[in-house]
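Shown next: model.pdb, given as PDB, C-alpha atoms, pLDDT in the B column.
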```pdb
ATOM      1  CA  MET N 504       0.428 -81.588 -74.834  1.00 95.00           C
ATOM      2  CA  SER N 505       3.543 -83.641 -75.481  1.00 97.00           C
ATOM      3  CA  VAL N 506       6.102 -83.919 -72.711  1.00 98.00           C
ATOM      4  CA  ILE N 507       9.001 -86.051 -73.883  1.00 98.00           C
ATOM      5  CA  ILE N 508      10.997 -87.386 -70.938  1.00 98.00           C
ATOM      6  CA  GLU N 509      14.441 -88.951 -71.267  1.00 97.00           C
ATOM      7  CA  ASN N 510      15.881 -90.462 -68.092  1.00 97.00           C
ATOM      8  CA  GLU N 511      19.607 -90.816 -68.709  1.00 97.00           C
ATOM      9  CA  TYR N 512      20.429 -90.933 -64.993  1.00 96.00           C
ATOM     10  CA  GLU N 513      21.986 -94.310 -64.267  1.00 92.00           C
ATOM     11  CA  LYS N 514      21.043 -94.505 -60.583  1.00 92.00           C
ATOM     12  CA  ASN N 515      17.644 -94.834 -58.943  1.00 90.00           C
ATOM     13  CA  LEU N 516      15.480 -91.699 -58.842  1.00 91.00           C
ATOM     14  CA  ASP N 517      13.704 -91.549 -55.499  1.00 85.00           C
ATOM     15  CA  LEU N 518      10.580 -89.785 -56.734  1.00 93.00           C
ATOM     16  CA  ASP N 519       7.815 -89.972 -59.316  1.00 96.00           C
ATOM     17  CA  TYR N 520       9.710 -87.718 -61.714  1.00 97.00           C
ATOM     18  CA  GLU N 521       7.396 -88.305 -64.694  1.00 97.00           C
ATOM     19  CA  LYS N 522       4.326 -87.094 -62.779  1.00 97.00           C
ATOM     20  CA  ILE N 523       6.189 -84.117 -61.343  1.00 98.00           C
ATOM     21  CA  ILE N 524       7.433 -83.076 -64.787  1.00 98.00           C
ATOM     22  CA  GLN N 525       3.992 -83.489 -66.371  1.00 98.00           C
ATOM     23  CA  ASP N 526       2.237 -81.570 -63.577  1.00 98.00           C
ATOM     24  CA  VAL N 527       4.717 -78.679 -63.493  1.00 98.00           C
ATOM     25  CA  VAL N 528       4.851 -78.331 -67.281  1.00 98.00           C
ATOM     26  CA  GLU N 529       1.046 -78.249 -67.507  1.00 98.00           C
ATOM     27  CA  GLU N 530       0.766 -75.752 -64.649  1.00 98.00           C
ATOM     28  CA  ALA N 531       3.421 -73.485 -66.189  1.00 98.00           C
ATOM     29  CA  VAL N 532       1.676 -73.552 -69.591  1.00 98.00           C
ATOM     30  CA  ASN N 533      -1.634 -72.688 -67.907  1.00 97.00           C
ATOM     31  CA  PHE N 534      -0.018 -70.043 -65.697  1.00 98.00           C
ATOM     32  CA  VAL N 535       1.358 -68.057 -68.646  1.00 97.00           C
ATOM     33  CA  GLN N 536      -1.933 -68.598 -70.498  1.00 97.00           C
ATOM     34  CA  CYS N 537      -0.308 -70.141 -73.535  1.00 97.00           C
ATOM     35  CA  PRO N 538      -3.061 -70.424 -76.159  1.00 96.00           C
ATOM     36  CA  TYR N 539      -1.487 -73.451 -77.877  1.00 96.00           C
ATOM     37  CA  GLU N 540      -0.958 -77.118 -77.244  1.00 97.00           C
ATOM     38  CA  CYS N 541       2.762 -77.420 -76.521  1.00 97.00           C
ATOM     39  CA  GLU N 542       5.689 -79.761 -76.824  1.00 98.00           C
ATOM     40  CA  VAL N 543       8.612 -79.803 -74.393  1.00 98.00           C
ATOM     41  CA  SER N 544      11.491 -82.221 -73.898  1.00 98.00           C
ATOM     42  CA  VAL N 545      12.987 -82.937 -70.475  1.00 98.00           C
ATOM     43  CA  SER N 546      16.195 -84.926 -69.930  1.00 98.00           C
ATOM     44  CA  ILE N 547      17.483 -86.101 -66.568  1.00 98.00           C
ATOM     45  CA  VAL N 548      21.249 -86.545 -66.418  1.00 98.00           C
ATOM     46  CA  ASP N 549      24.128 -86.690 -63.940  1.00 98.00           C
ATOM     47  CA  ASN N 550      26.655 -83.969 -63.081  1.00 98.00           C
ATOM     48  CA  GLU N 551      29.174 -85.264 -65.611  1.00 98.00           C
ATOM     49  CA  ALA N 552      26.736 -85.013 -68.533  1.00 98.00           C
ATOM     50  CA  ILE N 553      25.417 -81.563 -67.609  1.00 98.00           C
ATOM     51  CA  HIS N 554      28.986 -80.357 -66.999  1.00 98.00           C
ATOM     52  CA  GLU N 555      29.935 -81.301 -70.550  1.00 98.00           C
ATOM     53  CA  LEU N 556      26.766 -79.734 -71.967  1.00 97.00           C
ATOM     54  CA  ASN N 557      27.353 -76.549 -69.956  1.00 97.00           C
ATOM     55  CA  ARG N 558      30.921 -76.362 -71.275  1.00 97.00           C
ATOM     56  CA  GLU N 559      29.837 -76.967 -74.889  1.00 97.00           C
ATOM     57  CA  THR N 560      26.856 -74.618 -74.962  1.00 96.00           C
ATOM     58  CA  ARG N 561      27.728 -71.875 -72.490  1.00 96.00           C
ATOM     59  CA  GLU N 562      31.510 -72.213 -72.196  1.00 95.00           C
ATOM     60  CA  ILE N 563      31.142 -72.636 -68.433  1.00 95.00           C
ATOM     61  CA  ASP N 564      33.394 -75.418 -67.179  1.00 97.00           C
ATOM     62  CA  ARG N 565      31.367 -76.797 -64.273  1.00 97.00           C
ATOM     63  CA  PRO N 566      28.162 -78.708 -63.653  1.00 96.00           C
ATOM     64  CA  THR N 567      24.945 -76.766 -63.140  1.00 97.00           C
ATOM     65  CA  ASP N 568      21.517 -77.759 -61.868  1.00 97.00           C
ATOM     66  CA  VAL N 569      19.437 -77.108 -64.981  1.00 98.00           C
ATOM     67  CA  LEU N 570      19.882 -75.929 -68.547  1.00 98.00           C
ATOM     68  CA  SER N 571      17.111 -74.499 -70.704  1.00 97.00           C
ATOM     69  CA  PHE N 572      17.128 -74.426 -74.484  1.00 98.00           C
ATOM     70  CA  PRO N 573      14.203 -72.278 -75.665  1.00 97.00           C
ATOM     71  CA  MET N 574      13.070 -72.744 -79.249  1.00 96.00           C
ATOM     72  CA  LEU N 575      11.097 -69.497 -79.424  1.00 95.00           C
ATOM     73  CA  GLU N 576      12.086 -65.852 -79.447  1.00 91.00           C
ATOM     74  CA  TYR N 577       9.676 -63.529 -77.684  1.00 92.00           C
ATOM     75  CA  THR N 578       9.276 -59.785 -78.024  1.00 90.00           C
ATOM     76  CA  GLU N 579       8.474 -59.950 -74.312  1.00 92.00           C
ATOM     77  CA  PRO N 580       8.160 -62.943 -71.981  1.00 94.00           C
ATOM     78  CA  ALA N 581       5.141 -65.192 -72.626  1.00 95.00           C
ATOM     79  CA  ASN N 582       3.911 -63.003 -75.487  1.00 94.00           C
ATOM     80  CA  PHE N 583       2.647 -65.521 -78.022  1.00 94.00           C
ATOM     81  CA  SER N 584       1.393 -62.979 -80.569  1.00 91.00           C
ATOM     82  CA  ASP N 585       4.281 -63.553 -82.990  1.00 85.00           C
ATOM     83  CA  VAL N 586       4.653 -67.336 -82.912  1.00 89.00           C
ATOM     84  CA  GLU N 587       2.136 -68.093 -85.683  1.00 83.00           C
ATOM     85  CA  GLU N 588       4.188 -66.076 -88.158  1.00 87.00           C
ATOM     86  CA  ASP N 589       6.801 -68.844 -88.321  1.00 91.00           C
ATOM     87  CA  VAL N 590       5.491 -72.342 -89.075  1.00 91.00           C
ATOM     88  CA  SER N 591       8.799 -73.822 -87.856  1.00 93.00           C
ATOM     89  CA  ASN N 592       7.646 -72.963 -84.308  1.00 96.00           C
ATOM     90  CA  PHE N 593       5.172 -75.839 -84.565  1.00 96.00           C
ATOM     91  CA  ASN N 594       5.667 -79.576 -84.847  1.00 96.00           C
ATOM     92  CA  PRO N 595       4.384 -80.447 -88.340  1.00 95.00           C
ATOM     93  CA  ASP N 596       3.077 -83.835 -87.158  1.00 96.00           C
ATOM     94  CA  THR N 597       1.175 -82.703 -84.067  1.00 96.00           C
ATOM     95  CA  GLY N 598       0.649 -78.970 -84.624  1.00 96.00           C
ATOM     96  CA  GLU N 599       2.030 -78.340 -81.129  1.00 97.00           C
ATOM     97  CA  LEU N 600       4.087 -75.265 -80.293  1.00 97.00           C
ATOM     98  CA  ILE N 601       7.681 -76.413 -79.698  1.00 98.00           C
ATOM     99  CA  LEU N 602       8.823 -74.705 -76.498  1.00 98.00           C
ATOM    100  CA  GLY N 603      12.277 -76.273 -76.212  1.00 98.00           C
ATOM    101  CA  ASP N 604      14.399 -78.564 -74.100  1.00 98.00           C
ATOM    102  CA  ILE N 605      15.177 -78.828 -70.403  1.00 98.00           C
ATOM    103  CA  VAL N 606      18.151 -80.743 -68.973  1.00 98.00           C
ATOM    104  CA  ILE N 607      18.251 -81.411 -65.217  1.00 98.00           C
ATOM    105  CA  SER N 608      21.154 -82.815 -63.193  1.00 98.00           C
ATOM    106  CA  TYR N 609      19.655 -85.215 -60.662  1.00 98.00           C
ATOM    107  CA  ASP N 610      22.957 -85.133 -58.746  1.00 97.00           C
ATOM    108  CA  LYS N 611      22.347 -81.408 -58.238  1.00 98.00           C
ATOM    109  CA  VAL N 612      18.708 -82.061 -57.252  1.00 97.00           C
ATOM    110  CA  ILE N 613      19.945 -84.315 -54.441  1.00 96.00           C
ATOM    111  CA  ALA N 614      22.665 -81.901 -53.282  1.00 97.00           C
ATOM    112  CA  GLN N 615      20.479 -78.779 -53.414  1.00 97.00           C
ATOM    113  CA  ALA N 616      17.522 -80.414 -51.663  1.00 95.00           C
ATOM    114  CA  GLU N 617      19.864 -81.271 -48.807  1.00 95.00           C
ATOM    115  CA  GLU N 618      21.549 -77.852 -48.868  1.00 95.00           C
ATOM    116  CA  TYR N 619      18.253 -75.928 -48.853  1.00 93.00           C
ATOM    117  CA  GLY N 620      16.543 -78.299 -46.434  1.00 92.00           C
ATOM    118  CA  HIS N 621      13.604 -79.365 -48.546  1.00 90.00           C
ATOM    119  CA  SER N 622      12.413 -82.481 -50.334  1.00 93.00           C
ATOM    120  CA  LEU N 623      13.728 -83.962 -53.571  1.00 95.00           C
ATOM    121  CA  ARG N 624      10.212 -83.460 -54.982  1.00 96.00           C
ATOM    122  CA  ARG N 625      10.269 -79.732 -54.208  1.00 96.00           C
ATOM    123  CA  GLU N 626      13.764 -79.193 -55.631  1.00 96.00           C
ATOM    124  CA  PHE N 627      13.018 -81.187 -58.787  1.00 97.00           C
ATOM    125  CA  ALA N 628       9.687 -79.382 -59.342  1.00 98.00           C
ATOM    126  CA  PHE N 629      11.375 -76.026 -58.728  1.00 97.00           C
ATOM    127  CA  LEU N 630      13.973 -76.699 -61.433  1.00 98.00           C
ATOM    128  CA  VAL N 631      11.279 -77.723 -63.928  1.00 98.00           C
ATOM    129  CA  ALA N 632       9.242 -74.576 -63.143  1.00 98.00           C
ATOM    130  CA  HIS N 633      12.349 -72.388 -63.378  1.00 97.00           C
ATOM    131  CA  SER N 634      13.298 -73.852 -66.720  1.00 98.00           C
ATOM    132  CA  MET N 635       9.750 -73.631 -68.097  1.00 98.00           C
ATOM    133  CA  LEU N 636       9.789 -69.896 -67.408  1.00 98.00           C
ATOM    134  CA  HIS N 637      13.034 -69.664 -69.396  1.00 97.00           C
ATOM    135  CA  LEU N 638      11.292 -71.482 -72.260  1.00 98.00           C
ATOM    136  CA  PHE N 639       8.630 -68.750 -72.119  1.00 97.00           C
ATOM    137  CA  GLY N 640      11.252 -66.006 -72.409  1.00 95.00           C
ATOM    138  CA  TYR N 641      11.744 -65.045 -68.763  1.00 95.00           C
ATOM    139  CA  ASP N 642      15.248 -64.418 -67.474  1.00 92.00           C
ATOM    140  CA  HIS N 643      17.034 -63.351 -64.294  1.00 86.00           C
ATOM    141  CA  MET N 644      20.008 -61.340 -65.503  1.00 83.00           C
ATOM    142  CA  GLU N 645      18.827 -58.212 -63.681  1.00 88.00           C
ATOM    143  CA  GLU N 646      17.450 -57.938 -60.144  1.00 90.00           C
ATOM    144  CA  ALA N 647      13.906 -56.995 -61.214  1.00 89.00           C
ATOM    145  CA  GLU N 648      13.816 -59.964 -63.623  1.00 88.00           C
ATOM    146  CA  ARG N 649      15.076 -62.294 -60.890  1.00 89.00           C
ATOM    147  CA  VAL N 650      12.390 -61.156 -58.455  1.00 92.00           C
ATOM    148  CA  GLU N 651       9.649 -61.510 -61.080  1.00 93.00           C
ATOM    149  CA  MET N 652      10.824 -64.975 -62.057  1.00 93.00           C
ATOM    150  CA  GLU N 653      11.044 -66.143 -58.436  1.00 93.00           C
ATOM    151  CA  GLU N 654       7.503 -64.926 -57.773  1.00 95.00           C
ATOM    152  CA  LYS N 655       6.172 -66.787 -60.806  1.00 96.00           C
ATOM    153  CA  GLN N 656       8.037 -69.976 -59.870  1.00 96.00           C
ATOM    154  CA  GLU N 657       6.598 -69.909 -56.375  1.00 95.00           C
ATOM    155  CA  ILE N 658       3.047 -69.357 -57.678  1.00 97.00           C
ATOM    156  CA  ILE N 659       3.354 -72.285 -60.091  1.00 98.00           C
ATOM    157  CA  LEU N 660       4.611 -74.563 -57.308  1.00 97.00           C
ATOM    158  CA  LYS N 661       2.050 -73.302 -54.798  1.00 97.00           C
ATOM    159  CA  ASN N 662      -0.742 -73.973 -57.306  1.00 97.00           C
ATOM    160  CA  LEU N 663       0.441 -77.597 -57.278  1.00 97.00           C
ATOM    161  CA  GLY N 664       0.683 -77.742 -53.483  1.00 95.00           C
ATOM    162  CA  ILE N 665       4.477 -77.950 -53.601  1.00 94.00           C
ATOM    163  CA  THR N 666       5.942 -75.743 -50.879  1.00 81.00           C
ATOM    164  CA  ARG N 667       9.334 -75.196 -49.290  1.00 73.00           C
ATOM    165  CA  ASN N 668       8.123 -76.897 -46.120  1.00 65.00           C
ATOM    166  CA  GLN N 669       7.762 -80.302 -47.738  1.00 55.00           C
TER     167      GLN N 669
END
```

Could you spell out this file's structure in structure tokens?
Amino acid sequence: MSVIIENEYEKNLDLDYEKIIQDVVEEAVNFVQCPYECEVSVSIVDNEAIHELNRETREIDRPTDVLSFPMLEYTEPANFSDVEEDVSNFNPDTGELILGDIVISYDKVIAQAEEYGHSLRREFAFLVAHSMLHLFGYDHMEEAERVEMEEKQEIILKNLGITRNQ
């Protein structure tokens, strides 16, 4: 599995972000039972950078905590039956399934960890898990989707021993 990490945050990150990303990505891939080796890119930025990206890509003029850019289209979430039909879904050099890109605002990680009363590690891991589920086709536009996604996020984090109490 290839996890490409770009740290564009100019201040110190007070956690082992590379290990957290690697662990959560691997757990999410295992959780949805993806039958392929995968590639995912994760960028860590500040509020200013994610604000601009949010404005450019979603036409929302404010910073957000995480943005997900899935590369695959699913007939239903985490259904990998159609991906082999399109060779462009795979990296020609590695043969890995290209899931997409994740962009996380570390400024938001800090603020939300404080707001929700849990650790930076938990908030950061939560955002990676949340975004990974988006890369697998899950969404939260409707209440039932939101509940399902929240349950899956919590299972992924619990499997890694990352709880709200940390």

Distance criterion (all atoms listed in the file): nearest to N:Leu556 out of N:Glu576, N:Asp568, N:Glu509, N:Glu653:
N:Asp568

For the structure provided, state which residues fall under the PyMOL selection byres ((chain N and resi 518) around 8), and present them as a CSV table (one decimal) with C-alpha atoms, keeping the file's coordinate frame.
```
chain,number,residue,atom,x,y,z
N,516,LEU,CA,15.5,-91.7,-58.8
N,517,ASP,CA,13.7,-91.5,-55.5
N,519,ASP,CA,7.8,-90.0,-59.3
N,520,TYR,CA,9.7,-87.7,-61.7
N,623,LEU,CA,13.7,-84.0,-53.6
N,624,ARG,CA,10.2,-83.5,-55.0
```

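Relative to atom CA of N:Asn594, atom CA of N:Ser546 is found at 19.0 Å.
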
Write out as a list in words which residues come within 8 Å of N:Ile524 when counting only C-alpha atoms, dropping same-chain ones fewer than 5 positions away.
Val545, Ala628 and Val631 of chain N

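Applied to this file, the PyMOL selection byres ((chain N and resi 597) around 10) selects N:Met504, N:Ser505, N:Glu540, N:Cys541, N:Glu542, N:Phe593, N:Asn594, N:Pro595, N:Asp596, N:Gly598, N:Glu599, N:Leu600.
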
Which protein, DNA or RNA residues are at most 12 Å from (8.0, -75.6, -76.7) in the file's coordinates when you count all atoms listed in the file, listed as a PyMOL selection string?
chain N and resi 504-507+528-529+531-532+537+539-545+571-576+581+583+586+591-594+598-605+634-640

For C-alpha atoms, I'd like the residues from the last selection saved as a PDB file, keeping the file's coordinate frame.
```pdb
ATOM      1  CA  MET N 504       0.428 -81.588 -74.834  1.00 95.00           C
ATOM      2  CA  SER N 505       3.543 -83.641 -75.481  1.00 97.00           C
ATOM      3  CA  VAL N 506       6.102 -83.919 -72.711  1.00 98.00           C
ATOM      4  CA  ILE N 507       9.001 -86.051 -73.883  1.00 98.00           C
ATOM      5  CA  VAL N 528       4.851 -78.331 -67.281  1.00 98.00           C
ATOM      6  CA  GLU N 529       1.046 -78.249 -67.507  1.00 98.00           C
ATOM      7  CA  ALA N 531       3.421 -73.485 -66.189  1.00 98.00           C
ATOM      8  CA  VAL N 532       1.676 -73.552 -69.591  1.00 98.00           C
ATOM      9  CA  CYS N 537      -0.308 -70.141 -73.535  1.00 97.00           C
ATOM     10  CA  TYR N 539      -1.487 -73.451 -77.877  1.00 96.00           C
ATOM     11  CA  GLU N 540      -0.958 -77.118 -77.244  1.00 97.00           C
ATOM     12  CA  CYS N 541       2.762 -77.420 -76.521  1.00 97.00           C
ATOM     13  CA  GLU N 542       5.689 -79.761 -76.824  1.00 98.00           C
ATOM     14  CA  VAL N 543       8.612 -79.803 -74.393  1.00 98.00           C
ATOM     15  CA  SER N 544      11.491 -82.221 -73.898  1.00 98.00           C
ATOM     16  CA  VAL N 545      12.987 -82.937 -70.475  1.00 98.00           C
ATOM     17  CA  SER N 571      17.111 -74.499 -70.704  1.00 97.00           C
ATOM     18  CA  PHE N 572      17.128 -74.426 -74.484  1.00 98.00           C
ATOM     19  CA  PRO N 573      14.203 -72.278 -75.665  1.00 97.00           C
ATOM     20  CA  MET N 574      13.070 -72.744 -79.249  1.00 96.00           C
ATOM     21  CA  LEU N 575      11.097 -69.497 -79.424  1.00 95.00           C
ATOM     22  CA  GLU N 576      12.086 -65.852 -79.447  1.00 91.00           C
ATOM     23  CA  ALA N 581       5.141 -65.192 -72.626  1.00 95.00           C
ATOM     24  CA  PHE N 583       2.647 -65.521 -78.022  1.00 94.00           C
ATOM     25  CA  VAL N 586       4.653 -67.336 -82.912  1.00 89.00           C
ATOM     26  CA  SER N 591       8.799 -73.822 -87.856  1.00 93.00           C
ATOM     27  CA  ASN N 592       7.646 -72.963 -84.308  1.00 96.00           C
ATOM     28  CA  PHE N 593       5.172 -75.839 -84.565  1.00 96.00           C
ATOM     29  CA  ASN N 594       5.667 -79.576 -84.847  1.00 96.00           C
ATOM     30  CA  GLY N 598       0.649 -78.970 -84.624  1.00 96.00           C
ATOM     31  CA  GLU N 599       2.030 -78.340 -81.129  1.00 97.00           C
ATOM     32  CA  LEU N 600       4.087 -75.265 -80.293  1.00 97.00           C
ATOM     33  CA  ILE N 601       7.681 -76.413 -79.698  1.00 98.00           C
ATOM     34  CA  LEU N 602       8.823 -74.705 -76.498  1.00 98.00           C
ATOM     35  CA  GLY N 603      12.277 -76.273 -76.212  1.00 98.00           C
ATOM     36  CA  ASP N 604      14.399 -78.564 -74.100  1.00 98.00           C
ATOM     37  CA  ILE N 605      15.177 -78.828 -70.403  1.00 98.00           C
ATOM     38  CA  SER N 634      13.298 -73.852 -66.720  1.00 98.00           C
ATOM     39  CA  MET N 635       9.750 -73.631 -68.097  1.00 98.00           C
ATOM     40  CA  LEU N 636       9.789 -69.896 -67.408  1.00 98.00           C
ATOM     41  CA  HIS N 637      13.034 -69.664 -69.396  1.00 97.00           C
ATOM     42  CA  LEU N 638      11.292 -71.482 -72.260  1.00 98.00           C
ATOM     43  CA  PHE N 639       8.630 -68.750 -72.119  1.00 97.00           C
ATOM     44  CA  GLY N 640      11.252 -66.006 -72.409  1.00 95.00           C
TER      45      GLY N 640
END
```

For N:Glu657: contacts at 12 Å, all atoms listed in the file, fewer than 4 positions along chain excluded, given as a ChimeraX atom specification
/N:527,530-531,534,625-626,628-633,636,650-653,661-667

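Across the model, the gap from atom CA of N:Ala616 to atom CA of N:Tyr512 is 17.2 Å.
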
Here's a test: counting only C-alpha atoms, identify every protein, DNA and RNA residue with an atom at most 12 Å from (24.0, -82.9, -57.2) in the file's coordinate frame, and state them as a PDB file with C-alpha atoms, keeping the file's coordinate frame.
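Ended up saving to point.pdb:
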```pdb
ATOM      1  CA  TYR N 512      20.429 -90.933 -64.993  1.00 96.00           C
ATOM      2  CA  ILE N 547      17.483 -86.101 -66.568  1.00 98.00           C
ATOM      3  CA  VAL N 548      21.249 -86.545 -66.418  1.00 98.00           C
ATOM      4  CA  ASP N 549      24.128 -86.690 -63.940  1.00 98.00           C
ATOM      5  CA  ASN N 550      26.655 -83.969 -63.081  1.00 98.00           C
ATOM      6  CA  GLU N 551      29.174 -85.264 -65.611  1.00 98.00           C
ATOM      7  CA  ALA N 552      26.736 -85.013 -68.533  1.00 98.00           C
ATOM      8  CA  ILE N 553      25.417 -81.563 -67.609  1.00 98.00           C
ATOM      9  CA  HIS N 554      28.986 -80.357 -66.999  1.00 98.00           C
ATOM     10  CA  ARG N 565      31.367 -76.797 -64.273  1.00 97.00           C
ATOM     11  CA  PRO N 566      28.162 -78.708 -63.653  1.00 96.00           C
ATOM     12  CA  THR N 567      24.945 -76.766 -63.140  1.00 97.00           C
ATOM     13  CA  ASP N 568      21.517 -77.759 -61.868  1.00 97.00           C
ATOM     14  CA  VAL N 569      19.437 -77.108 -64.981  1.00 98.00           C
ATOM     15  CA  ILE N 607      18.251 -81.411 -65.217  1.00 98.00           C
ATOM     16  CA  SER N 608      21.154 -82.815 -63.193  1.00 98.00           C
ATOM     17  CA  TYR N 609      19.655 -85.215 -60.662  1.00 98.00           C
ATOM     18  CA  ASP N 610      22.957 -85.133 -58.746  1.00 97.00           C
ATOM     19  CA  LYS N 611      22.347 -81.408 -58.238  1.00 98.00           C
ATOM     20  CA  VAL N 612      18.708 -82.061 -57.252  1.00 97.00           C
ATOM     21  CA  ILE N 613      19.945 -84.315 -54.441  1.00 96.00           C
ATOM     22  CA  ALA N 614      22.665 -81.901 -53.282  1.00 97.00           C
ATOM     23  CA  GLN N 615      20.479 -78.779 -53.414  1.00 97.00           C
ATOM     24  CA  ALA N 616      17.522 -80.414 -51.663  1.00 95.00           C
ATOM     25  CA  GLU N 617      19.864 -81.271 -48.807  1.00 95.00           C
ATOM     26  CA  GLU N 618      21.549 -77.852 -48.868  1.00 95.00           C
ATOM     27  CA  LEU N 623      13.728 -83.962 -53.571  1.00 95.00           C
ATOM     28  CA  GLU N 626      13.764 -79.193 -55.631  1.00 96.00           C
ATOM     29  CA  PHE N 627      13.018 -81.187 -58.787  1.00 97.00           C
TER      30      PHE N 627
END
```

Distance atom CA of N:Glu648-atom CA of N:Glu555, one decimal place?
27.6 Å

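In terms of minimum interatomic distance to N:Gln536, N:Pro580 ranks closest within N:Ile563, N:Leu570, N:Pro580, N:His621, counting all atoms listed in the file.
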
Draw an axis-aligned box tight on the listed atoms of stretch 519-523 of chain N, then pad every side by 4 Å and write out centre and edge lengths in Å to one decimal as lines of an AutoDock Vina configuration file.
```
center_x = 7.0
center_y = -87.0
center_z = -62.0
size_x = 13.4
size_y = 13.9
size_z = 13.4
```
